[in-house]
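The next block holds one structure in the form of structure tokens; read it before the comments.
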Amino acid sequence: MAAASSRLNLNRREIIVIKNCLRKYLSTSTTPRNQTLTLLSNRRHTSWQAFHKLRITNQRSFSSETLHTSTQKDINPFQEARPEIDYICDNINKKLCTQMLELREMAQYYFDGQGKTFRPLIVLLMAKAINMHQNSTDIISQSQQQVAMISEMIHTASLIHDDVIDNSSTRRGKPTVDNKWGQRKAILVGDYILSVSSLLLAQLRNEEVVKILSQVIEDLVRGEFMQLGSKEEPNDRFNHYLKKTFKKTASLIANSCKAVAVLGNCNEDVTQRAFEYGQNIGMAFQLIDDLLDFTSHESIMGKPTAADLRLGLATAPVLYAAQEHQELNALIMRRFCHEGDVELARSFVAKSDGVYQTKLLAEAHSAAAIELLKELEPSKARDALEHVATLVLRRNK
């Protein structure tokens, strides 16, 4: 494995996760090892991308049950943080309660209790877990709760702006802000939510945390610009996709987890673990989201499916499918703009193992997230974070 790690540029934690995953799988398989796995890699693939191409060639499923520990706790993560989440949702609406009635209605439109509150959930659970690790108490400080608020507000503002860019008509099963009030007002209300979140960030009076969360906004903008472009070389294309995914989705979760660790006076190792947990959860979350664009239904998702293809975007299922069906590369480069391109691309994905490979990659990130928690002191919050890593893989919307 040491020789392989040099060739694939894997870091120490990734090597440990992969070793554990493969050991658990191979120990329960009756298939000869040289027939079980085919590692399709070359020197131009880096880090996880080499592992992304790990393909199972027998009929046994390499699922989350083989990737994750068998000691799953019977715990509801949302119940573990329910009082804090309710407080945050109420407080966000209070902060957005401007005297301008139309602006207030627009700003509070997505804070109606119907969202997943996934990001504040992770931030709050991470705060509880690291506080237990540091001080043997799961009491969350006011500043840590404020980070959870800020993360949800940044996320919601980015959704409003995304819907304008993508010309989306529905979000969470109802008309988008853009569709209901128009583009100009949608852009302004997104800016307004960001401005209020910036005020909350300044109130923390912590320069390091301000820098950490300011990086999120920069990443969101850079990620959006990356999404507007593409790469001609297939290997570069996948790396481009992964970097874009981190900036648009994972950076917010990773840096928010890092921020609450800093506010909890954690050492560098724990702070980095918090960041990497959020990074892996964010990547897994977005990979499943990209997968659901091909496997779920609009009535379940609350937004149109195949939306990415119609926007000209090639996500993981398409990029994996292109490894089997080279004809997809031409469609990717012209961003599925010709008549029939979207339907043709969907058919290629359906005939490939692109969806399966994407699920496997999401499971690898989920397993990595769980591995990172093992150095924290045992607590209900740590168990809940582990459970979140498995719930991410099971969601259907």
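Quick note on naming: the chains in the structure tokens go A, B, ... in the order shown, residues restart at 1 in each chain, and ligands are numbered from 1 in order of appearance.
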- prompt: Among segment 124-365 of chain A, which ones does DSSP place in alpha helix (DSSP H), written as a VMD selection string?
  reply: chain A and resid 124 to 135 142 to 166 177 to 181 183 to 203 207 to 228 234 to 245 251 to 263 268 to 295 298 to 301 307 to 310 316 to 324 328 to 333 341 to 351 354 to 365
message: Quick one: residues within 12 Å of Ala202 of chain A, only C-alpha atoms, excluding same-chain residues fewer than 6 positions away - as a PyMOL selection string?
response: chain A and resi 143+146-147+150+195-196+208-211+213-214
Kindly export the residues of the current selection with N, CA and C atoms, as a CSV table (one decimal), in the first residue's frame.
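Ended up saving to selection12.csv:
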chain,number,residue,atom,x,y,z
A,143,SER,N,-21.6,32.4,20.5
A,143,SER,CA,-20.9,32.7,19.3
A,143,SER,C,-20.9,31.5,18.3
A,146,GLN,N,-24.2,31.4,16.7
A,146,GLN,CA,-24.2,32.5,15.7
A,146,GLN,C,-23.6,32.0,14.4
A,147,VAL,N,-22.5,31.2,14.5
A,147,VAL,CA,-21.9,30.6,13.3
A,147,VAL,C,-22.9,29.8,12.5
A,150,ILE,N,-25.2,32.0,10.7
A,150,ILE,CA,-24.5,32.6,9.5
A,150,ILE,C,-24.4,31.6,8.4
A,195,SER,N,-25.7,40.5,3.6
A,195,SER,CA,-25.3,41.7,4.4
A,195,SER,C,-25.6,41.5,5.9
A,196,VAL,N,-26.8,40.9,6.2
A,196,VAL,CA,-27.2,40.7,7.5
A,196,VAL,C,-26.3,39.6,8.2
A,208,GLU,N,-10.0,35.7,13.4
A,208,GLU,CA,-9.7,34.4,12.7
A,208,GLU,C,-11.0,33.8,12.1
A,209,VAL,N,-12.1,33.9,12.9
A,209,VAL,CA,-13.4,33.4,12.4
A,209,VAL,C,-13.9,34.2,11.2
A,210,VAL,N,-13.7,35.5,11.3
A,210,VAL,CA,-14.1,36.4,10.2
A,210,VAL,C,-13.4,36.0,8.9
A,211,LYS,N,-12.1,35.7,9.0
A,211,LYS,CA,-11.3,35.3,7.8
A,211,LYS,C,-11.8,33.9,7.3
A,213,LEU,N,-14.8,32.4,7.6
A,213,LEU,CA,-16.2,32.5,7.0
A,213,LEU,C,-16.2,33.4,5.8
A,214,SER,N,-15.3,34.4,5.7
A,214,SER,CA,-15.2,35.2,4.5
A,214,SER,C,-14.7,34.4,3.4
- request: Apply DSSP to the backbone of this structure and, from segment 151-279 of chain A, keep only the residues in strand (DSSP E); write these as a PyMOL selection string.
  value: chain A and resi 170-171+174-175
Could you take the residues named above and write them with C-alpha atoms, as a CSV table (one decimal), in the first residue's frame?
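Done, and the output landed in selection30.csv:
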chain,number,residue,atom,x,y,z
A,170,THR,CA,-39.1,25.9,-8.3
A,171,ARG,CA,-37.3,25.3,-5.1
A,174,LYS,CA,-42.7,26.1,-4.4
A,175,PRO,CA,-41.9,29.0,-6.8
task: Tell me which protein, DNA and RNA residues are within 7 Å of segment 105-120 of chain A, counting only C-alpha atoms, leaving out same-chain ones fewer than 6 positions away, and put them as a PyMOL selection string.
output: chain A and resi 89+93+96+148-149+151-152+177+189+193+253
Could you please take those selected residues and save N, CA and C atoms as a compact mmCIF listing (two decimals), in the first residue's frame?
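That gives us part.txt:
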# COMPACT_ATOMS: atom_id res chain seq x y z
N CYS A 89 -33.57 29.11 13.80
CA CYS A 89 -34.57 29.45 12.77
C CYS A 89 -35.40 30.67 13.20
N ASN A 93 -35.18 34.70 11.43
CA ASN A 93 -36.36 35.47 11.01
C ASN A 93 -36.42 36.82 11.73
N LEU A 96 -34.02 39.21 10.13
CA LEU A 96 -34.45 39.63 8.80
C LEU A 96 -35.77 40.41 8.84
N ALA A 148 -23.66 28.97 13.25
CA ALA A 148 -24.68 28.12 12.61
C ALA A 148 -25.71 28.97 11.89
N MET A 149 -26.10 30.09 12.48
CA MET A 149 -27.03 31.02 11.83
C MET A 149 -26.42 31.58 10.55
N SER A 151 -24.05 30.38 8.69
CA SER A 151 -23.90 29.36 7.64
C SER A 151 -25.20 29.14 6.89
N GLU A 152 -26.32 29.12 7.60
CA GLU A 152 -27.62 28.91 6.94
C GLU A 152 -28.01 30.13 6.11
N VAL A 177 -37.78 32.53 -5.46
CA VAL A 177 -37.88 33.98 -5.23
C VAL A 177 -37.84 34.71 -6.56
N VAL A 189 -32.45 40.72 -2.67
CA VAL A 189 -32.76 40.07 -1.40
C VAL A 189 -31.66 39.08 -1.02
N ILE A 193 -29.64 39.32 2.55
CA ILE A 193 -29.40 38.24 3.51
C ILE A 193 -27.91 38.10 3.79
N ILE A 253 -19.67 24.09 4.68
CA ILE A 253 -19.79 23.16 5.81
C ILE A 253 -18.44 23.01 6.51
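In this comparison, which uses only C-alpha atoms, the residue of A:Ala127, A:Val349, A:Val342, A:Ile85 approaching His325 of chain A most closely is A:Val349.
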task: Counting only C-alpha atoms, figure out which residue out of A:Ala389, A:Leu124, A:Ile281, A:Ile332 gets nearest to Ile140 of chain A.
output: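 The shortest atom-to-atom distance to Ile140 of chain A comes from A:Leu124.
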field: Best match for closeness to Thr295 of chain A among A:Ala186, A:Ala350, A:Ala368, A:Leu220, counting only C-alpha atoms
entry: A:Ala350
Exercise: segment 160-166 of chain A partners within 12 Å, only C-alpha atoms, chain neighbours under 6 positions left out, as a ChimeraX atom specification: /A:106-110,153-154,172,175-194,220-221,223-225,227-228,248,303-304,307-313
If you keep N, CA and C atoms, can you produce a file of those selected residues as a CSV table (one decimal), in the first residue's frame?
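See part_28.csv below for the written result:
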chain,number,residue,atom,x,y,z
A,106,MET,N,-39.8,38.5,1.3
A,106,MET,CA,-38.8,37.8,0.4
A,106,MET,C,-37.7,37.2,1.2
A,107,ALA,N,-37.1,38.0,2.2
A,107,ALA,CA,-35.9,37.5,2.9
A,107,ALA,C,-36.3,36.3,3.8
A,108,GLN,N,-37.5,36.2,4.3
A,108,GLN,CA,-37.9,35.1,5.2
A,108,GLN,C,-38.6,34.0,4.4
A,109,TYR,N,-38.7,34.1,3.1
A,109,TYR,CA,-39.4,33.2,2.3
A,109,TYR,C,-38.9,31.7,2.4
A,110,TYR,N,-37.6,31.5,2.5
A,110,TYR,CA,-37.1,30.2,2.6
A,110,TYR,C,-36.8,29.7,4.0
A,153,MET,N,-27.7,31.3,6.6
A,153,MET,CA,-28.0,32.5,5.8
A,153,MET,C,-27.1,32.6,4.6
A,154,ILE,N,-25.9,32.3,4.7
A,154,ILE,CA,-25.0,32.3,3.5
A,154,ILE,C,-25.5,31.3,2.4
A,172,ARG,N,-37.7,23.7,-3.3
A,172,ARG,CA,-38.4,23.1,-2.2
A,172,ARG,C,-39.9,23.0,-2.4
A,175,PRO,N,-42.6,28.1,-5.9
A,175,PRO,CA,-41.9,29.0,-6.8
A,175,PRO,C,-40.6,29.6,-6.2
A,176,THR,N,-39.6,29.8,-7.0
A,176,THR,CA,-38.4,30.4,-6.5
A,176,THR,C,-38.7,31.9,-6.2
A,177,VAL,N,-37.8,32.5,-5.5
A,177,VAL,CA,-37.9,34.0,-5.2
A,177,VAL,C,-37.8,34.7,-6.6
A,178,ASP,N,-37.0,34.3,-7.4
A,178,ASP,CA,-36.8,34.8,-8.8
A,178,ASP,C,-38.1,34.7,-9.6
A,179,ASN,N,-38.8,33.6,-9.5
A,179,ASN,CA,-40.0,33.3,-10.2
A,179,ASN,C,-41.2,34.1,-9.7
A,180,LYS,N,-41.1,34.3,-8.4
A,180,LYS,CA,-42.3,35.0,-7.7
A,180,LYS,C,-42.2,36.5,-7.7
A,181,TRP,N,-40.9,37.0,-7.6
A,181,TRP,CA,-40.8,38.5,-7.5
A,181,TRP,C,-39.9,39.1,-8.6
A,182,GLY,N,-39.3,38.3,-9.4
A,182,GLY,CA,-38.4,38.8,-10.5
A,182,GLY,C,-37.0,38.8,-10.2
A,183,GLN,N,-36.1,38.9,-11.2
A,183,GLN,CA,-34.7,38.7,-11.1
A,183,GLN,C,-34.1,39.8,-10.2
A,184,ARG,N,-34.4,41.1,-10.5
A,184,ARG,CA,-33.8,42.2,-9.8
A,184,ARG,C,-34.0,42.1,-8.3
A,185,LYS,N,-35.2,41.9,-7.9
A,185,LYS,CA,-35.5,41.8,-6.5
A,185,LYS,C,-34.9,40.6,-5.8
A,186,ALA,N,-34.8,39.5,-6.6
A,186,ALA,CA,-34.2,38.3,-6.1
A,186,ALA,C,-32.7,38.5,-5.8
A,187,ILE,N,-32.0,39.2,-6.7
A,187,ILE,CA,-30.6,39.5,-6.5
A,187,ILE,C,-30.4,40.4,-5.3
A,188,LEU,N,-31.3,41.4,-5.2
A,188,LEU,CA,-31.2,42.3,-4.1
A,188,LEU,C,-31.5,41.6,-2.7
A,189,VAL,N,-32.4,40.7,-2.7
A,189,VAL,CA,-32.8,40.1,-1.4
A,189,VAL,C,-31.7,39.1,-1.0
A,190,GLY,N,-31.0,38.5,-2.0
A,190,GLY,CA,-29.9,37.6,-1.7
A,190,GLY,C,-28.8,38.4,-1.1
A,191,ASP,N,-28.5,39.6,-1.7
A,191,ASP,CA,-27.5,40.5,-1.2
A,191,ASP,C,-27.8,41.0,0.2
A,192,TYR,N,-29.1,41.2,0.5
A,192,TYR,CA,-29.6,41.6,1.8
A,192,TYR,C,-29.3,40.6,2.9
A,193,ILE,N,-29.6,39.3,2.6
A,193,ILE,CA,-29.4,38.2,3.5
A,193,ILE,C,-27.9,38.1,3.8
A,194,LEU,N,-27.1,38.2,2.7
A,194,LEU,CA,-25.6,38.2,2.9
A,194,LEU,C,-25.1,39.3,3.8
A,220,LEU,N,-17.7,30.5,-2.9
A,220,LEU,CA,-18.9,30.4,-3.6
A,220,LEU,C,-18.9,31.1,-4.9
A,221,VAL,N,-18.3,32.3,-4.9
A,221,VAL,CA,-18.2,33.0,-6.2
A,221,VAL,C,-17.2,32.3,-7.2
A,223,GLY,N,-16.5,29.2,-7.2
A,223,GLY,CA,-17.1,28.0,-7.6
A,223,GLY,C,-18.1,28.2,-8.7
A,224,GLU,N,-18.9,29.3,-8.6
A,224,GLU,CA,-19.9,29.6,-9.7
A,224,GLU,C,-19.2,29.9,-11.0
A,225,PHE,N,-18.1,30.6,-10.9
A,225,PHE,CA,-17.3,30.9,-12.2
A,225,PHE,C,-16.7,29.6,-12.7
A,227,GLN,N,-18.0,26.7,-12.5
A,227,GLN,CA,-19.2,26.0,-13.1
A,227,GLN,C,-19.5,26.5,-14.5
A,228,LEU,N,-19.2,27.8,-14.8
A,228,LEU,CA,-19.5,28.3,-16.1
A,228,LEU,C,-18.5,27.8,-17.2
A,248,LYS,N,-18.4,25.2,-4.1
A,248,LYS,CA,-19.8,25.6,-4.1
A,248,LYS,C,-20.6,25.0,-2.9
A,303,LYS,N,-37.8,20.1,-7.1
A,303,LYS,CA,-37.2,20.9,-8.1
A,303,LYS,C,-37.0,20.0,-9.3
A,304,PRO,N,-36.8,20.6,-10.5
A,304,PRO,CA,-36.8,19.7,-11.7
A,304,PRO,C,-35.6,18.8,-11.7
A,307,ALA,N,-31.8,18.8,-14.3
A,307,ALA,CA,-31.6,20.2,-14.4
A,307,ALA,C,-30.2,20.5,-14.8
A,308,ASP,N,-29.2,19.8,-14.2
A,308,ASP,CA,-27.8,20.0,-14.5
A,308,ASP,C,-27.5,19.9,-16.0
A,309,LEU,N,-28.0,18.8,-16.6
A,309,LEU,CA,-27.8,18.6,-18.0
A,309,LEU,C,-28.4,19.7,-18.8
A,310,ARG,N,-29.6,20.2,-18.4
A,310,ARG,CA,-30.2,21.3,-19.2
A,310,ARG,C,-29.5,22.6,-19.0
A,311,LEU,N,-28.7,22.7,-17.9
A,311,LEU,CA,-27.9,23.9,-17.8
A,311,LEU,C,-26.5,23.7,-18.4
A,312,GLY,N,-26.3,22.6,-19.0
A,312,GLY,CA,-25.0,22.3,-19.7
A,312,GLY,C,-23.9,21.8,-18.8
A,313,LEU,N,-24.3,21.3,-17.6
A,313,LEU,CA,-23.3,20.8,-16.6
A,313,LEU,C,-23.1,19.3,-16.6
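Note that atom CA of Asp74 of chain A and atom CA of Val262 of chain A are 29.6 Å apart.
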Nearby residues (only C-alpha atoms) at most 12 Å from Leu372 of chain A, same-chain spacing under 2 positions excluded, as a ChimeraX atom specification: /A:12-14,16-17,126,269-281,365-370,374-377,382,385-386,389
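In terms of minimum interatomic distance to Thr358 of chain A, A:Leu292 ranks closest within A:Val388, A:Ala250, A:Ile139, A:Leu292, counting only C-alpha atoms.
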